[in-house]
Each structure stands twice: as C-alpha cells, then as structure tokens.
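Asker: Provided herewith is a single structure, encoded as structure tokens, for subsequent inquiry.
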Amino acid sequence: MQSPLLNRFKQAAEKAGIQATAFMKESGSRVAAESRGLAQSFSLPGEAEKCAKILESFLADPSHPESALNSIPKAVLQRARGLAVFQVLKAGFVFSGTARFHAAGGKAGSGLVIARLPTGEWSAPSCIGTAGVGWGLQIGADLTDFVIVLNNDEAVRAFSMGGNVTVGGNVSATAGPIGTGAGVQTSLAQPAPMFSYSKSKGLFAGLSLDGTILIERKDANRDFYGSPIPARDILEGRVPPPEVASRMYEVIEAAEGLDESGVPGEAYYPGEHAEHIPVSAAGGYNVGGAPGGNSTVFDADRQ
C-alpha cells in the first residue's frame, strides 16, 4: 500500500507531465508554422542584403588586417569556385511522456549560392532554402549562419544540376580552416570539395550539417528574374549579376584584396564548442556527422 505522500507526488508529476505535453504540442505547431513561413516568404533582394551581412562577419575587413586571424582565409576565398551563404533557424522543444523525456526540433532557413565564372567574376545569385528535422536536447530557438565554400566544379555542379548531394557521399565536406599562413596552405593541398563554416551567437563553431537539406528555390528565382530560369543557367553566367547583389560582391572583393603582409601566420579549425583546433593537429574533419557518415545537404528537382 502506497503512502499518501507518494500518491500526492505521483499525481503532481502526472499533472505536470500533461501540462508540459500540451504546452509543447502548441509550441511545436507554432514553431513549425514560423519555420515554414521563414522558408517560403523571402525575396532575392532581401536575401542578397542578408547574405552580404553574413559574409561581412565571416570575411576579413581590409581596414583591420588583423581580423584575418579569425576569418575565412583569403587563400580559401581566392581559389573558391563558388559560395553558398544561408541562415538557419533551429527551433527546439522538449515535452514529457509517462516515463521519459523527449526532445525534437525543426530547421528552416534561406540564402543564396553564387559561382565563380571563367572570367574570375561572380555569377548572379540563385536562391536556396533549407529545411529539416533534428532530434536532440534543444530548447528554444537559435539562428546559425553558414558559409559553404565550393572548392571545385563538382561542388558547383551539385547546386546547378539538381538531385541529391550527400556530405560524405556524393560530395564530401570538411570544416574549413580559419586564419592565415602555412597552416592554411596545408589545408588547401588536397581540399575536400566543400569547406563548411558556421557561426552561432557570433562565434565560429564546427557545427554538423547533419539533417540539413538545401533546396533550390525556383519560385524565388522566377519571381526575381521574371522567368523560370534554372540554377544551372544562373550559375553559369547566362544571367547578368543584379544590382541588388552588388554589396555582396563588394564584400567578397574587398576580402580577396586584403594585405596580410603584417599579419602573423596562425590557423585553426573551429571545434563543435567554438574551441580552436590547430590545423597541424587536425588536418580537417568531417562535418556530416560521424566520419564516413552521410548527410543530405542539397535536394532539388533535376533540370
């Protein structure tokens, strides 16, 4: 026979569980609705402005050369065949069951991808959106900015031709180096097709792209360019770069022209918790989950 105190404790726990579950179901519906709106309600001019600001935070400021020590390296940028820039809202919530706690979350976001043309200039931007669902202990909402450096034509084609691209499978990615000097050159000796960079709360972090899907936003491209132009044509230079993206190009050009002569050679990889991992000790690491694991990062209908 259970004591009155134990019965009261069990009743209180059950009531709390029922209330938490109801609250989280309501919160989950609201998060899902807001995430869908975020992925569906952007325009190319707005994305160009946002991506310019994201690139400003990832690239060195020529007026402050020492900023190169905590930026995507100039050498990485100069040899890049393309850039994908986007922002992801990851909203999480926790709800309690009868005997255990569960956690779930959703991801939604948007951005742009551009490619370097044979002339050395940058293509017009093609719109991308993100979506996905992740599991883990996460409460509240968090915005994360991403820059993916496309290191070869294979990576650019992945964003041009449609179909699925899997990190660690079809096209691999590693966390990209930060800083300057010989360590950066070492990382560029045999680079992965893509370098991934992310910032959360203003700090570089080696966050996994696991579960994140990048989708070609044909509707947004059509609305801006006036016709259903495929991403392939945009990224191959068949569309002139629009004036609304000029700030984004200016930020990239300024970082490529940075004078690093007075900056010490220091390079690192950002760890999952924003720690600095020396380039010489790491040599790059997988960002698609466990080494050798697969993670879909691009999904679009074939052209």
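Please note that chains go A, B, ... in the order of the structure tokens, that every chain numbers its residues from 1, and that ligands are numbered from 1 in the order shown.
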Which polymer residues have any atom within 8 Å of an atom of Cys127 in chain A, counting only C-alpha atoms, with same-chain residues fewer than 6 positions away left out, as a PyMOL selection string?
Answerer: chain A and resi 44+47+110-113+216-218+220-221
Asker: Limited to all heavy atoms, could you put the picked residues into a file as a JSON list (two decimals), in the first residue's frame?
Answerer:
[["chain", "number", "residue", "atom", "x", "y", "z"],
["A", 44, "LEU", "N", 14.71, 37.60, -53.40],
["A", 44, "LEU", "CA", 16.14, 37.64, -53.70],
["A", 44, "LEU", "C", 16.79, 38.94, -53.21],
["A", 44, "LEU", "O", 17.89, 38.88, -52.64],
["A", 44, "LEU", "CB", 16.36, 37.43, -55.20],
["A", 44, "LEU", "CG", 17.81, 37.17, -55.60],
["A", 44, "LEU", "CD1", 17.88, 36.25, -56.81],
["A", 44, "LEU", "CD2", 18.55, 38.46, -55.90],
["A", 47, "GLU", "N", 17.43, 38.53, -49.57],
["A", 47, "GLU", "CA", 18.45, 37.53, -49.33],
["A", 47, "GLU", "C", 19.84, 38.08, -49.63],
["A", 47, "GLU", "O", 20.81, 37.79, -48.93],
["A", 47, "GLU", "CB", 18.18, 36.29, -50.18],
["A", 47, "GLU", "CG", 16.98, 35.49, -49.75],
["A", 47, "GLU", "CD", 17.05, 35.07, -48.29],
["A", 47, "GLU", "OE1", 18.04, 34.42, -47.89],
["A", 47, "GLU", "OE2", 16.13, 35.40, -47.54],
["A", 110, "SER", "N", 17.13, 30.17, -45.28],
["A", 110, "SER", "CA", 17.20, 30.60, -46.67],
["A", 110, "SER", "C", 18.53, 31.27, -46.93],
["A", 110, "SER", "O", 19.24, 31.68, -46.02],
["A", 110, "SER", "CB", 16.06, 31.58, -46.98],
["A", 110, "SER", "OG", 16.12, 32.71, -46.12],
["A", 111, "GLY", "N", 18.86, 31.40, -48.22],
["A", 111, "GLY", "CA", 20.10, 32.05, -48.60],
["A", 111, "GLY", "C", 20.31, 32.03, -50.09],
["A", 111, "GLY", "O", 19.36, 31.89, -50.87],
["A", 112, "LEU", "N", 21.58, 32.16, -50.50],
["A", 112, "LEU", "CA", 21.94, 32.26, -51.91],
["A", 112, "LEU", "C", 23.17, 31.42, -52.20],
["A", 112, "LEU", "O", 23.98, 31.14, -51.31],
["A", 112, "LEU", "CB", 22.25, 33.71, -52.28],
["A", 112, "LEU", "CG", 21.16, 34.77, -52.10],
["A", 112, "LEU", "CD1", 21.71, 36.16, -52.33],
["A", 112, "LEU", "CD2", 19.97, 34.49, -53.00],
["A", 113, "VAL", "N", 23.32, 31.03, -53.46],
["A", 113, "VAL", "CA", 24.54, 30.40, -53.93],
["A", 113, "VAL", "C", 25.02, 31.15, -55.16],
["A", 113, "VAL", "O", 24.23, 31.59, -56.00],
["A", 113, "VAL", "CB", 24.32, 28.90, -54.24],
["A", 113, "VAL", "CG1", 23.27, 28.70, -55.31],
["A", 113, "VAL", "CG2", 25.62, 28.23, -54.65],
["A", 216, "GLU", "N", 16.76, 24.17, -53.99],
["A", 216, "GLU", "CA", 16.72, 25.24, -54.99],
["A", 216, "GLU", "C", 15.36, 25.93, -54.94],
["A", 216, "GLU", "O", 14.32, 25.29, -55.10],
["A", 216, "GLU", "CB", 16.97, 24.67, -56.39],
["A", 216, "GLU", "CG", 16.93, 25.75, -57.48],
["A", 216, "GLU", "CD", 16.96, 25.14, -58.87],
["A", 216, "GLU", "OE1", 17.33, 23.95, -58.99],
["A", 216, "GLU", "OE2", 16.61, 25.85, -59.82],
["A", 217, "ARG", "N", 15.35, 27.25, -54.74],
["A", 217, "ARG", "CA", 14.09, 27.99, -54.66],
["A", 217, "ARG", "C", 13.72, 28.52, -56.04],
["A", 217, "ARG", "O", 13.96, 29.67, -56.39],
["A", 217, "ARG", "CB", 14.21, 29.13, -53.65],
["A", 217, "ARG", "CG", 14.24, 28.67, -52.20],
["A", 217, "ARG", "CD", 13.00, 27.86, -51.80],
["A", 217, "ARG", "NE", 11.76, 28.52, -52.18],
["A", 217, "ARG", "CZ", 11.14, 29.44, -51.43],
["A", 217, "ARG", "NH1", 11.65, 29.79, -50.27],
["A", 217, "ARG", "NH2", 10.02, 29.99, -51.83],
["A", 218, "LYS", "N", 13.13, 27.64, -56.84],
["A", 218, "LYS", "CA", 12.76, 28.02, -58.20],
["A", 218, "LYS", "C", 11.73, 29.14, -58.22],
["A", 218, "LYS", "O", 11.75, 29.99, -59.11],
["A", 218, "LYS", "CB", 12.22, 26.80, -58.94],
["A", 218, "LYS", "CG", 13.24, 25.67, -59.09],
["A", 218, "LYS", "CD", 12.64, 24.49, -59.83],
["A", 218, "LYS", "CE", 13.65, 23.38, -59.98],
["A", 218, "LYS", "NZ", 13.13, 22.21, -60.71],
["A", 220, "ALA", "N", 11.39, 31.66, -56.04],
["A", 220, "ALA", "CA", 12.03, 32.94, -55.77],
["A", 220, "ALA", "C", 12.87, 33.41, -56.96],
["A", 220, "ALA", "O", 12.89, 34.60, -57.28],
["A", 220, "ALA", "CB", 12.90, 32.84, -54.52],
["A", 221, "ASN", "N", 13.58, 32.47, -57.60],
["A", 221, "ASN", "CA", 14.33, 32.84, -58.80],
["A", 221, "ASN", "C", 13.40, 33.35, -59.90],
["A", 221, "ASN", "O", 13.69, 34.35, -60.56],
["A", 221, "ASN", "CB", 15.12, 31.63, -59.31],
["A", 221, "ASN", "CG", 16.34, 31.33, -58.46],
["A", 221, "ASN", "OD1", 16.84, 32.19, -57.74],
["A", 221, "ASN", "ND2", 16.82, 30.09, -58.53]]
Asker: Give me the residues near Ala192 in chain A as a PyMOL selection string, where near means some atom within 8 Å (using only C-alpha atoms) and where sequence neighbours in that chain fewer than 5 positions away do not count.
Answerer: chain A and resi 151+172-174
Asker: Go ahead and save the picked residues with N, CA, C and O atoms, as a compact mmCIF listing (two decimals), in the first residue's frame.
Answerer:
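Generated file (again06.txt):
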# COMPACT_ATOMS: atom_id res chain seq x y z
N ASN A 151 34.83 24.20 -53.40
CA ASN A 151 36.24 24.20 -53.80
C ASN A 151 36.52 23.70 -55.20
O ASN A 151 37.65 23.87 -55.69
N SER A 172 31.81 15.39 -50.51
CA SER A 172 32.22 15.45 -49.12
C SER A 172 32.53 16.88 -48.71
O SER A 172 32.81 17.75 -49.52
N ALA A 173 32.45 17.13 -47.40
CA ALA A 173 32.75 18.45 -46.84
C ALA A 173 33.53 18.27 -45.56
O ALA A 173 33.35 17.30 -44.82
N THR A 174 34.41 19.21 -45.29
CA THR A 174 35.11 19.25 -44.02
C THR A 174 34.97 20.66 -43.45
O THR A 174 34.68 21.61 -44.17
Asker: For Arg81 in chain A, which residue out of A:Glu121, A:Glu56, A:Asp142, A:Asp153 is the nearest one, using only C-alpha atoms?
Answerer: A:Asp153
Asker: Show which residues sit within 12 Å of range 230-246 of chain A, as a ChimeraX atom specification. Count only C-alpha atoms, and ignore same-chain residues fewer than 4 positions away.
Answerer: /A:43-53,81-84,112-128,153,155-162,215-222,224-226,250-253,300-303
Asker: So that I have them on file, write out the residues from the current selection with C-alpha atoms, as a PDB file, in the first residue's frame.
Answerer:
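Result went into result.pdb, see below:
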ATOM      1  CA  SER A  43      12.815  37.523 -51.903  1.00  0.00           C
ATOM      2  CA  LEU A  44      16.135  37.642 -53.697  1.00  0.00           C
ATOM      3  CA  PRO A  45      16.830  41.333 -52.857  1.00  0.00           C
ATOM      4  CA  GLY A  46      16.268  40.625 -49.172  1.00  0.00           C
ATOM      5  CA  GLU A  47      18.453  37.533 -49.328  1.00  0.00           C
ATOM      6  CA  ALA A  48      21.243  39.463 -51.056  1.00  0.00           C
ATOM      7  CA  GLU A  49      21.237  42.056 -48.283  1.00  0.00           C
ATOM      8  CA  LYS A  50      21.226  39.392 -45.576  1.00  0.00           C
ATOM      9  CA  CYS A  51      23.993  37.363 -47.231  1.00  0.00           C
ATOM     10  CA  ALA A  52      26.176  40.450 -47.580  1.00  0.00           C
ATOM     11  CA  LYS A  53      25.919  40.958 -43.817  1.00  0.00           C
ATOM     12  CA  ARG A  81      34.701  28.019 -57.276  1.00  0.00           C
ATOM     13  CA  GLY A  82      31.504  29.070 -55.512  1.00  0.00           C
ATOM     14  CA  LEU A  83      29.888  30.127 -52.247  1.00  0.00           C
ATOM     15  CA  ALA A  84      26.639  29.085 -50.584  1.00  0.00           C
ATOM     16  CA  LEU A 112      21.940  32.256 -51.908  1.00  0.00           C
ATOM     17  CA  VAL A 113      24.543  30.399 -53.929  1.00  0.00           C
ATOM     18  CA  ILE A 114      26.944  32.027 -56.413  1.00  0.00           C
ATOM     19  CA  ALA A 115      29.656  30.596 -58.668  1.00  0.00           C
ATOM     20  CA  ARG A 116      32.920  31.985 -59.989  1.00  0.00           C
ATOM     21  CA  LEU A 117      32.839  32.356 -63.760  1.00  0.00           C
ATOM     22  CA  PRO A 118      35.773  31.613 -66.110  1.00  0.00           C
ATOM     23  CA  THR A 119      36.432  35.379 -66.236  1.00  0.00           C
ATOM     24  CA  GLY A 120      37.026  35.412 -62.483  1.00  0.00           C
ATOM     25  CA  GLU A 121      33.850  37.368 -61.824  1.00  0.00           C
ATOM     26  CA  TRP A 122      30.949  36.068 -59.745  1.00  0.00           C
ATOM     27  CA  SER A 123      27.705  34.822 -61.210  1.00  0.00           C
ATOM     28  CA  ALA A 124      24.262  36.106 -60.421  1.00  0.00           C
ATOM     29  CA  PRO A 125      22.835  34.521 -57.255  1.00  0.00           C
ATOM     30  CA  SER A 126      20.466  31.572 -57.183  1.00  0.00           C
ATOM     31  CA  CYS A 127      18.059  31.303 -54.235  1.00  0.00           C
ATOM     32  CA  ILE A 128      18.163  28.342 -51.877  1.00  0.00           C
ATOM     33  CA  ASP A 153      33.497  22.402 -60.187  1.00  0.00           C
ATOM     34  CA  ALA A 155      30.600  21.029 -55.861  1.00  0.00           C
ATOM     35  CA  VAL A 156      29.237  23.832 -58.036  1.00  0.00           C
ATOM     36  CA  ARG A 157      27.514  21.335 -60.305  1.00  0.00           C
ATOM     37  CA  ALA A 158      25.801  19.862 -57.256  1.00  0.00           C
ATOM     38  CA  PHE A 159      23.993  23.166 -56.814  1.00  0.00           C
ATOM     39  CA  SER A 160      23.387  23.507 -60.549  1.00  0.00           C
ATOM     40  CA  MET A 161      22.020  20.167 -61.698  1.00  0.00           C
ATOM     41  CA  GLY A 162      19.514  19.207 -59.038  1.00  0.00           C
ATOM     42  CA  ILE A 215      16.563  23.249 -51.771  1.00  0.00           C
ATOM     43  CA  GLU A 216      16.723  25.245 -54.990  1.00  0.00           C
ATOM     44  CA  ARG A 217      14.091  27.989 -54.660  1.00  0.00           C
ATOM     45  CA  LYS A 218      12.760  28.015 -58.199  1.00  0.00           C
ATOM     46  CA  ASP A 219       9.815  30.188 -57.178  1.00  0.00           C
ATOM     47  CA  ALA A 220      12.030  32.944 -55.766  1.00  0.00           C
ATOM     48  CA  ASN A 221      14.334  32.842 -58.801  1.00  0.00           C
ATOM     49  CA  ARG A 222      11.329  33.064 -61.126  1.00  0.00           C
ATOM     50  CA  PHE A 224      13.014  37.995 -59.364  1.00  0.00           C
ATOM     51  CA  TYR A 225      14.362  37.123 -62.804  1.00  0.00           C
ATOM     52  CA  GLY A 226      10.932  37.177 -64.451  1.00  0.00           C
ATOM     53  CA  GLU A 250      31.935  44.224 -52.847  1.00  0.00           C
ATOM     54  CA  VAL A 251      32.420  42.411 -49.527  1.00  0.00           C
ATOM     55  CA  ILE A 252      33.989  39.413 -51.291  1.00  0.00           C
ATOM     56  CA  GLU A 253      36.229  41.560 -53.487  1.00  0.00           C
ATOM     57  CA  ALA A 300      16.202  19.801 -55.910  1.00  0.00           C
ATOM     58  CA  ASP A 301      14.286  18.507 -58.894  1.00  0.00           C
ATOM     59  CA  ARG A 302      16.509  17.611 -61.806  1.00  0.00           C
ATOM     60  CA  GLN A 303      16.567  20.209 -64.551  1.00  0.00           C
TER      61      GLN A 303
END
Asker: Would you compute the distance between CA of Ala274 in chain A and CA of Glu260 in chain A? Give it in Å to one decimal.
Answerer: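 For CA of Ala274 in chain A relative to CA of Glu260 in chain A, the distance reads 24.1 Å.
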